[in-house]
Amino acid sequence: MLRKNHKKNFIGTSESYLRNTFTDWKPYRIHQIFNWVYHYGCRDFSVMTNLSKTMRGQLIDLFYFFLPKIQNKTYSQDGSIKYLLRLEDGALVESVWMPSESRKTLCISTQVGCRLNCSFCLTASLGLKRNLTSGEILGQCIAINEDLEKRDAITNVVFMGMGEPLDNLGPVVEALRLMTAPEAMRLSTRRVTVSTSGLVDKINSFQKENIHINLAISLNATDDETRNRLMPINKKYPIKTLMKCLRNYPLKPQRRHTIEYVLLRDINDSDEDARRLSNWLKGIPCKINLIPFNSFESTEYLPPLESRVLKFQEYLINQNFSAFIRQNRATDILGACGQLATQSKNLSYA
Ligand code: SAH
């Protein structure tokens with residue numbers, strides 16, 4: 001997508017695009033530019049003095065730099081910060097920065113809104129406005145890192161904000177490559193997680209890209225009838241198909257999938273559900289994250305009782321699964337899973 005006098009945003013531009021554009025350049029030249037941009041935060045081609053003047057001129061003719069602008073910051077009691085970011089066309093997305101002792105995790109968005117219409121997720125109420133570009137996906141990390149103190153710099157990234165990452169596969173893959181490339185953002189693949197509602201075809205395509213980041217799958221129900229109701233995408237890819245896909249997904253040694261399971265009171269939190277969940281997951285290398293439902297105003301669902309959550313977890317642990325109760329972050333500022341949307345809904349989309 002060429003904008004601004006047909007120029008393209010350099011942030012997010014892939015190595016393969018640059019190679020195809022500058023066919024007579026040696027590949028290390030592209031790495032040199034990445035170093036300037038992603039390590040040194042340089043936003044001016046003219047100062048990249050280890051490139052020839054001609055090269056710098058070519059870059060200036062074809063590219064410009066744009067990062068999402070921070071429109072608003074909301075601080076949670078737990079130390080998290082929700083960022084409202086404005087993109088070039090005025091569209092708004094949210095990202096949430098969550099610090100802990102051992103890591104600083106940024107939860108990023110991949111779409112403005114979402115089209116999957118999960119009934120327990122607030123983002124669904126926006127519908128899909130548009131996909132984000134790779135530069136907008138990556139730009140969330142860069143813009144927020146620039147806002148933070150050095151010691152608070154992002155160490156982990158989760159694609160769990162607004163949108164369905166695999167519904168915007170190409171840009172997500174490009175962003176992931178730059179995020180994990182040693183010559184670009186240099187994040188370890190172990191520290192990056194993409195969360196999906198289970199688009200089986202796209203999981204298979206993603207696998208072929210050979211990017212070994214972590215996959216998290218939002219399962220959220222143990223029978224098709226309930227899952228159809230919670231996540232309409234289940235009608236296209238029912239539980240059995242999804243499980244088969246995960247079973248066949250080649251994982252590197254020591255790696256496992258994350259299964260996310262949002263617990264909704266009296267909907268999917270019974271002993272019977274725990275039993276069925278453990279049956280589905282037998283033979284799949286995984287850990288399970290139990291997420292007590294985060295409530296919002298217009299919802300028909302209720303959070304589970306704490307005693308239920310503990311019993312559900314205990315059953316899974318007794319079946320030899322690693323099962324964690326995910327501590328909900330930023331709930332006081334509507335910054336937790338499934339709560340991103342309201343602010344952007346109230347502020348108009350330009
Ligand atoms: N579309 C992707 C990523 C965004 S949602 C996906 O479905 O995985 C990220 C996680 O938040 C998913 O596991 C989703 O099931 C969960 N989630 C959505 N709404 C929620 C809510 N209200 N409370 C708790 N978790 C929620």
# chains A, B, ... in the order shown; residues from 1 in each chain; ligands from 1
call {"tool": "residues_around", "arguments": {"residues": "stretch 172-184 of chain A", "least_positions_apart": "6", "cutoff": "9 Å", "atoms": "only C-alpha atoms", "output": "list in words"}}
result
Gly12, Thr13, Ser14, Glu15, His31, Gln32, Phe34, Asn35, Trp36, Val37, Tyr38, His39, Thr110, Leu132, Thr133, Ser134, Gly135, Glu136, Ile137, Leu138, Pro165, Leu166, Val192, Phe206, Glu209, Ile211 and Ile213 of chain A
call {"tool": "write_last_selection", "arguments": {"atoms": "C-alpha atoms", "output": "mmCIF file, in the first residue's frame"}}
result
data_model
loop_
_atom_site.group_PDB
_atom_site.id
_atom_site.type_symbol
_atom_site.label_atom_id
_atom_site.label_comp_id
_atom_site.auth_asym_id
_atom_site.auth_seq_id
_atom_site.Cartn_x
_atom_site.Cartn_y
_atom_site.Cartn_z
ATOM 1 C CA GLY A 12 6.668 -3.047 8.864
ATOM 2 C CA THR A 13 8.094 -3.312 5.343
ATOM 3 C CA SER A 14 9.358 -6.855 4.953
ATOM 4 C CA GLU A 15 12.837 -7.983 4.036
ATOM 5 C CA HIS A 31 20.015 -5.593 7.573
ATOM 6 C CA GLN A 32 21.993 -2.402 8.041
ATOM 7 C CA PHE A 34 16.873 -2.567 9.891
ATOM 8 C CA ASN A 35 19.568 -1.982 12.481
ATOM 9 C CA TRP A 36 19.224 1.759 12.153
ATOM 10 C CA VAL A 37 15.455 1.672 12.319
ATOM 11 C CA TYR A 38 14.740 -1.038 14.872
ATOM 12 C CA HIS A 39 17.826 -0.869 17.120
ATOM 13 C CA THR A 110 -4.354 -6.975 14.696
ATOM 14 C CA LEU A 132 -4.109 -3.510 10.385
ATOM 15 C CA THR A 133 -0.994 -3.349 8.212
ATOM 16 C CA SER A 134 2.229 -5.029 9.365
ATOM 17 C CA GLY A 135 3.571 -1.554 10.195
ATOM 18 C CA GLU A 136 0.560 -0.825 12.378
ATOM 19 C CA ILE A 137 0.904 -4.155 14.177
ATOM 20 C CA LEU A 138 4.628 -3.734 14.792
ATOM 21 C CA PRO A 165 -4.765 -12.436 14.062
ATOM 22 C CA LEU A 166 -5.193 -15.311 11.617
ATOM 23 C CA VAL A 192 5.766 -14.079 21.316
ATOM 24 C CA PHE A 206 0.606 -20.345 9.301
ATOM 25 C CA GLU A 209 5.503 -20.050 7.283
ATOM 26 C CA ILE A 211 7.800 -19.093 12.361
ATOM 27 C CA ILE A 213 6.282 -18.535 17.956
#
call {"tool": "residues_near_ligand", "arguments": {"ligand": "ligand 1", "cutoff": "8 Å", "atoms": "only C-alpha atoms and all ligand atoms", "output": "PyMOL selection string"}}
result
chain A and resi 109+114+116+118+120-123+159-165+194-198+216-220+260-263+291-296+336-339
call {"tool": "residues_around", "arguments": {"residues": "A:Arg86", "least_positions_apart": "2", "cutoff": "7 Å", "atoms": "only C-alpha atoms", "output": "list in words"}}
result
Pro68, Lys69, Ile70, Gln71, Leu84, Glu88, Gly90, Ala91, Leu92 and Val93 of chain A
call {"tool": "residues_around", "arguments": {"residues": "A:Phe312", "least_positions_apart": "3", "cutoff": "10 Å", "atoms": "only C-alpha atoms", "output": "ChimeraX atom specification"}}
result
/A:263,269-275,290,306-309,315-317,323,325
call {"tool": "residues_around", "arguments": {"residues": "A:Leu62", "least_positions_apart": "2", "cutoff": "8 Å", "atoms": "only C-alpha atoms", "output": "ChimeraX atom specification"}}
result
/A:6-8,58-60,64
call {"tool": "write_last_selection", "arguments": {"atoms": "all heavy atoms", "output": "PDB file, in the first residue's frame"}}
result
ATOM      1  N   HIS A   6       2.620   8.377  -2.922  1.00  0.00           N
ATOM      2  CA  HIS A   6       2.983   7.024  -3.335  1.00  0.00           C
ATOM      3  C   HIS A   6       4.142   6.439  -2.543  1.00  0.00           C
ATOM      4  O   HIS A   6       4.751   5.476  -2.954  1.00  0.00           O
ATOM      5  CB  HIS A   6       3.285   6.965  -4.835  1.00  0.00           C
ATOM      6  CG  HIS A   6       2.162   7.531  -5.653  1.00  0.00           C
ATOM      7  ND1 HIS A   6       0.914   6.947  -5.649  1.00  0.00           N
ATOM      8  CD2 HIS A   6       2.093   8.616  -6.439  1.00  0.00           C
ATOM      9  CE1 HIS A   6       0.113   7.669  -6.414  1.00  0.00           C
ATOM     10  NE2 HIS A   6       0.792   8.691  -6.904  1.00  0.00           N
ATOM     11  N   LYS A   7       4.473   7.043  -1.432  1.00  0.00           N
ATOM     12  CA  LYS A   7       5.514   6.436  -0.602  1.00  0.00           C
ATOM     13  C   LYS A   7       4.893   5.393   0.319  1.00  0.00           C
ATOM     14  O   LYS A   7       3.696   5.417   0.579  1.00  0.00           O
ATOM     15  CB  LYS A   7       6.217   7.516   0.227  1.00  0.00           C
ATOM     16  CG  LYS A   7       7.118   8.437  -0.597  1.00  0.00           C
ATOM     17  CD  LYS A   7       7.973   9.254   0.331  1.00  0.00           C
ATOM     18  CE  LYS A   7       8.761  10.302  -0.425  1.00  0.00           C
ATOM     19  NZ  LYS A   7       9.714  10.991   0.454  1.00  0.00           N
ATOM     20  N   LYS A   8       5.747   4.512   0.818  1.00  0.00           N
ATOM     21  CA  LYS A   8       5.278   3.428   1.680  1.00  0.00           C
ATOM     22  C   LYS A   8       5.910   3.586   3.060  1.00  0.00           C
ATOM     23  O   LYS A   8       7.068   3.999   3.162  1.00  0.00           O
ATOM     24  CB  LYS A   8       5.727   2.108   1.041  1.00  0.00           C
ATOM     25  CG  LYS A   8       5.321   0.845   1.761  1.00  0.00           C
ATOM     26  CD  LYS A   8       5.799  -0.368   0.934  1.00  0.00           C
ATOM     27  CE  LYS A   8       5.879  -1.634   1.746  1.00  0.00           C
ATOM     28  NZ  LYS A   8       4.608  -2.146   2.216  1.00  0.00           N
ATOM     29  N   GLN A  58      17.502   6.713  -2.799  1.00  0.00           N
ATOM     30  CA  GLN A  58      16.464   5.772  -3.252  1.00  0.00           C
ATOM     31  C   GLN A  58      15.451   5.505  -2.131  1.00  0.00           C
ATOM     32  O   GLN A  58      14.244   5.450  -2.357  1.00  0.00           O
ATOM     33  CB  GLN A  58      17.113   4.442  -3.669  1.00  0.00           C
ATOM     34  CG  GLN A  58      17.818   4.490  -5.015  1.00  0.00           C
ATOM     35  CD  GLN A  58      18.568   3.188  -5.285  1.00  0.00           C
ATOM     36  OE1 GLN A  58      19.576   2.905  -4.637  1.00  0.00           O
ATOM     37  NE2 GLN A  58      18.055   2.391  -6.198  1.00  0.00           N
ATOM     38  N   LEU A  59      15.974   5.342  -0.922  1.00  0.00           N
ATOM     39  CA  LEU A  59      15.085   5.072   0.220  1.00  0.00           C
ATOM     40  C   LEU A  59      14.157   6.265   0.473  1.00  0.00           C
ATOM     41  O   LEU A  59      12.948   6.091   0.688  1.00  0.00           O
ATOM     42  CB  LEU A  59      15.910   4.771   1.481  1.00  0.00           C
ATOM     43  CG  LEU A  59      16.615   3.405   1.488  1.00  0.00           C
ATOM     44  CD1 LEU A  59      17.707   3.360   2.543  1.00  0.00           C
ATOM     45  CD2 LEU A  59      15.605   2.284   1.741  1.00  0.00           C
ATOM     46  N   ILE A  60      14.747   7.457   0.421  1.00  0.00           N
ATOM     47  CA  ILE A  60      13.944   8.665   0.674  1.00  0.00           C
ATOM     48  C   ILE A  60      12.827   8.801  -0.371  1.00  0.00           C
ATOM     49  O   ILE A  60      11.709   9.189  -0.059  1.00  0.00           O
ATOM     50  CB  ILE A  60      14.848   9.924   0.686  1.00  0.00           C
ATOM     51  CG1 ILE A  60      15.763   9.879   1.908  1.00  0.00           C
ATOM     52  CG2 ILE A  60      14.022  11.217   0.669  1.00  0.00           C
ATOM     53  CD1 ILE A  60      16.920  10.867   1.879  1.00  0.00           C
ATOM     54  N   TYR A  64       8.638   6.457   3.857  1.00  0.00           N
ATOM     55  CA  TYR A  64       8.568   7.429   4.942  1.00  0.00           C
ATOM     56  C   TYR A  64       8.368   6.631   6.224  1.00  0.00           C
ATOM     57  O   TYR A  64       8.258   5.397   6.182  1.00  0.00           O
ATOM     58  CB  TYR A  64       7.406   8.416   4.712  1.00  0.00           C
ATOM     59  CG  TYR A  64       6.038   7.776   4.786  1.00  0.00           C
ATOM     60  CD1 TYR A  64       5.277   7.843   5.959  1.00  0.00           C
ATOM     61  CD2 TYR A  64       5.504   7.094   3.702  1.00  0.00           C
ATOM     62  CE1 TYR A  64       4.033   7.234   6.038  1.00  0.00           C
ATOM     63  CE2 TYR A  64       4.258   6.489   3.771  1.00  0.00           C
ATOM     64  CZ  TYR A  64       3.532   6.561   4.938  1.00  0.00           C
ATOM     65  OH  TYR A  64       2.303   5.958   5.016  1.00  0.00           O
TER      66      TYR A  64
END
call {"tool": "select_by_dssp", "arguments": {"residues": "stretch 76-282 of chain A", "states": "strand (DSSP E or B)", "output": "MDAnalysis selection string"}}
result
chainID A and resid 81:86 92:99 104:107 111:113 128:131 156:159 192:196 214:218 257:263
call {"tool": "residues_around", "arguments": {"residues": "A:Asp147", "least_positions_apart": "4", "cutoff": "12 Å", "atoms": "only C-alpha atoms", "output": "JSON, numbers by chain"}}
result
{"A": [67, 68, 69, 70, 71, 72, 73, 81, 83, 97, 140, 141, 142, 143, 151, 152, 153, 154]}
call {"tool": "closest_residue", "arguments": {"among": "A:Leu264, A:Ile284, A:Leu199, A:Leu87", "to": "A:Thr226", "atoms": "only C-alpha atoms"}}
result
A:Leu264
call {"tool": "closest_residue", "arguments": {"among": "A:Asn9, A:Ser76, A:Ser322, A:Asn328", "to": "A:Asp61", "atoms": "only C-alpha atoms"}}
result
A:Asn9
call {"tool": "select_by_dssp", "arguments": {"residues": "stretch 118-202 of chain A", "states": "alpha helix (DSSP H)", "output": "ChimeraX atom specification"}}
result
/A:134-147,169-180,200-202
call {"tool": "closest_residue", "arguments": {"among": "A:Cys286, A:Cys107, A:Ile239, A:Leu169", "to": "A:Asn214", "atoms": "only C-alpha atoms"}}
result
A:Cys286
call {"tool": "closest_residue", "arguments": {"among": "A:Asn228, A:Ser46, A:Ser80, A:Asn168", "to": "A:Ile333", "atoms": "only C-alpha atoms"}}
result
A:Ser80
call {"tool": "closest_residue", "arguments": {"among": "A:Met185, A:Leu126, A:Leu281, A:Ala221", "to": "A:Asn320", "atoms": "only C-alpha atoms"}}
result
A:Leu281
call {"tool": "residues_around", "arguments": {"residues": "A:Asn248", "least_positions_apart": "5", "cutoff": "12 Å", "atoms": "only C-alpha atoms", "output": "list of chain:residue names"}}
result
A:Val200, A:Ile203, A:Asn204, A:Gln207, A:Thr241, A:Leu242, A:Met243, A:His257, A:Gly283, A:Ile284, A:Pro285
call {"tool": "atom_distance", "arguments": {"atom1": "atom CA of A:Ser119", "atom2": "atom CA of A:Asp167"}}
result
17.8 Å
call {"tool": "closest_residue", "arguments": {"among": "A:Ser95, A:Asn268, A:Asn156, A:Asn145", "to": "A:Tyr301", "atoms": "only C-alpha atoms"}}
result
A:Asn268
call {"tool": "atom_distance", "arguments": {"atom1": "atom CA of A:Thr222", "atom2": "atom CA of A:Leu305"}}
result
18.9 Å
call {"tool": "atom_distance", "arguments": {"atom1": "atom CA of A:Leu251", "atom2": "atom CA of A:Gly139"}}
result
28.6 Å
call {"tool": "decode", "arguments": {"residues": "stretch 198-210 of chain A", "atoms": "all heavy atoms", "output": "JSON list (two decimals), in the first residue's frame"}}
result
[["chain", "number", "residue", "atom", "x", "y", "z"],
["A", 198, "GLY", "N", -9.24, -20.30, 16.36],
["A", 198, "GLY", "CA", -9.22, -21.64, 15.78],
["A", 198, "GLY", "C", -9.63, -21.70, 14.32],
["A", 198, "GLY", "O", -10.45, -22.54, 13.92],
["A", 199, "LEU", "N", -9.08, -20.83, 13.48],
["A", 199, "LEU", "CA", -9.34, -20.88, 12.04],
["A", 199, "LEU", "C", -8.43, -21.97, 11.45],
["A", 199, "LEU", "O", -7.25, -21.72, 11.17],
["A", 199, "LEU", "CB", -9.03, -19.53, 11.38],
["A", 199, "LEU", "CG", -9.67, -18.28, 11.97],
["A", 199, "LEU", "CD1", -9.34, -17.05, 11.13],
["A", 199, "LEU", "CD2", -11.17, -18.44, 12.06],
["A", 200, "VAL", "N", -8.96, -23.15, 11.31],
["A", 200, "VAL", "CA", -8.13, -24.31, 10.99],
["A", 200, "VAL", "C", -7.33, -24.14, 9.70],
["A", 200, "VAL", "O", -6.12, -24.40, 9.67],
["A", 200, "VAL", "CB", -9.01, -25.59, 10.94],
["A", 200, "VAL", "CG1", -8.24, -26.78, 10.39],
["A", 200, "VAL", "CG2", -9.53, -25.89, 12.35],
["A", 201, "ASP", "N", -7.97, -23.65, 8.63],
["A", 201, "ASP", "CA", -7.23, -23.46, 7.37],
["A", 201, "ASP", "C", -6.04, -22.53, 7.56],
["A", 201, "ASP", "O", -4.96, -22.76, 7.03],
["A", 201, "ASP", "CB", -8.13, -22.83, 6.29],
["A", 201, "ASP", "CG", -9.18, -23.80, 5.83],
["A", 201, "ASP", "OD1", -9.08, -24.99, 6.21],
["A", 201, "ASP", "OD2", -10.10, -23.37, 5.10],
["A", 202, "LYS", "N", -6.29, -21.47, 8.32],
["A", 202, "LYS", "CA", -5.23, -20.48, 8.53],
["A", 202, "LYS", "C", -4.14, -21.01, 9.46],
["A", 202, "LYS", "O", -2.97, -20.64, 9.32],
["A", 202, "LYS", "CB", -5.82, -19.18, 9.08],
["A", 202, "LYS", "CG", -6.82, -18.51, 8.16],
["A", 202, "LYS", "CD", -6.14, -17.98, 6.91],
["A", 202, "LYS", "CE", -7.07, -17.40, 5.88],
["A", 202, "LYS", "NZ", -7.80, -16.23, 6.32],
["A", 203, "ILE", "N", -4.51, -21.85, 10.41],
["A", 203, "ILE", "CA", -3.48, -22.45, 11.28],
["A", 203, "ILE", "C", -2.56, -23.29, 10.40],
["A", 203, "ILE", "O", -1.33, -23.25, 10.52],
["A", 203, "ILE", "CB", -4.10, -23.31, 12.42],
["A", 203, "ILE", "CG1", -4.92, -22.43, 13.36],
["A", 203, "ILE", "CG2", -3.01, -24.05, 13.20],
["A", 203, "ILE", "CD1", -5.65, -23.19, 14.47],
["A", 204, "ASN", "N", -3.16, -24.02, 9.46],
["A", 204, "ASN", "CA", -2.34, -24.84, 8.55],
["A", 204, "ASN", "C", -1.45, -23.97, 7.67],
["A", 204, "ASN", "O", -0.28, -24.29, 7.45],
["A", 204, "ASN", "CB", -3.23, -25.73, 7.69],
["A", 204, "ASN", "CG", -3.88, -26.83, 8.53],
["A", 204, "ASN", "OD1", -3.30, -27.27, 9.53],
["A", 204, "ASN", "ND2", -5.08, -27.26, 8.16],
["A", 205, "SER", "N", -1.98, -22.85, 7.17],
["A", 205, "SER", "CA", -1.14, -21.95, 6.35],
["A", 205, "SER", "C", -0.03, -21.35, 7.21],
["A", 205, "SER", "O", 1.10, -21.22, 6.76],
["A", 205, "SER", "CB", -1.94, -20.79, 5.78],
["A", 205, "SER", "OG", -3.13, -21.23, 5.22],
["A", 206, "PHE", "N", -0.38, -20.98, 8.42],
["A", 206, "PHE", "CA", 0.61, -20.34, 9.30],
["A", 206, "PHE", "C", 1.78, -21.28, 9.57],
["A", 206, "PHE", "O", 2.95, -20.87, 9.55],
["A", 206, "PHE", "CB", -0.06, -19.94, 10.62],
["A", 206, "PHE", "CG", 0.89, -19.24, 11.56],
["A", 206, "PHE", "CD1", 1.27, -17.94, 11.31],
["A", 206, "PHE", "CD2", 1.42, -19.90, 12.65],
["A", 206, "PHE", "CE1", 2.17, -17.29, 12.15],
["A", 206, "PHE", "CE2", 2.32, -19.26, 13.49],
["A", 206, "PHE", "CZ", 2.69, -17.96, 13.25],
["A", 207, "GLN", "N", 1.44, -22.54, 9.77],
["A", 207, "GLN", "CA", 2.46, -23.56, 10.05],
["A", 207, "GLN", "C", 3.51, -23.59, 8.93],
["A", 207, "GLN", "O", 4.70, -23.74, 9.19],
["A", 207, "GLN", "CB", 1.71, -24.88, 10.13],
["A", 207, "GLN", "CG", 2.52, -26.08, 10.46],
["A", 207, "GLN", "CD", 1.67, -27.31, 10.19],
["A", 207, "GLN", "OE1", 0.49, -27.35, 10.55],
["A", 207, "GLN", "NE2", 2.25, -28.28, 9.55],
["A", 208, "LYS", "N", 3.05, -23.41, 7.69],
["A", 208, "LYS", "CA", 3.97, -23.46, 6.55],
["A", 208, "LYS", "C", 4.93, -22.28, 6.52],
["A", 208, "LYS", "O", 5.94, -22.30, 5.82],
["A", 208, "LYS", "CB", 3.18, -23.52, 5.23],
["A", 208, "LYS", "CG", 2.34, -24.77, 5.14],
["A", 208, "LYS", "CD", 1.85, -25.03, 3.73],
["A", 208, "LYS", "CE", 0.89, -26.22, 3.71],
["A", 208, "LYS", "NZ", -0.53, -25.80, 3.64],
["A", 209, "GLU", "N", 4.63, -21.22, 7.26],
["A", 209, "GLU", "CA", 5.50, -20.05, 7.28],
["A", 209, "GLU", "C", 6.76, -20.28, 8.12],
["A", 209, "GLU", "O", 7.68, -19.47, 8.11],
["A", 209, "GLU", "CB", 4.75, -18.83, 7.85],
["A", 209, "GLU", "CG", 3.54, -18.41, 7.05],
["A", 209, "GLU", "CD", 3.91, -17.71, 5.75],
["A", 209, "GLU", "OE1", 5.07, -17.27, 5.63],
["A", 209, "GLU", "OE2", 3.05, -17.63, 4.86],
["A", 210, "ASN", "N", 6.75, -21.40, 8.88],
["A", 210, "ASN", "CA", 7.94, -21.73, 9.67],
["A", 210, "ASN", "C", 8.39, -20.67, 10.66],
["A", 210, "ASN", "O", 9.58, -20.41, 10.79],
["A", 210, "ASN", "CB", 9.12, -21.98, 8.71],
["A", 210, "ASN", "CG", 9.35, -23.46, 8.57],
["A", 210, "ASN", "OD1", 9.28, -24.19, 9.56],
["A", 210, "ASN", "ND2", 9.56, -23.90, 7.34]]
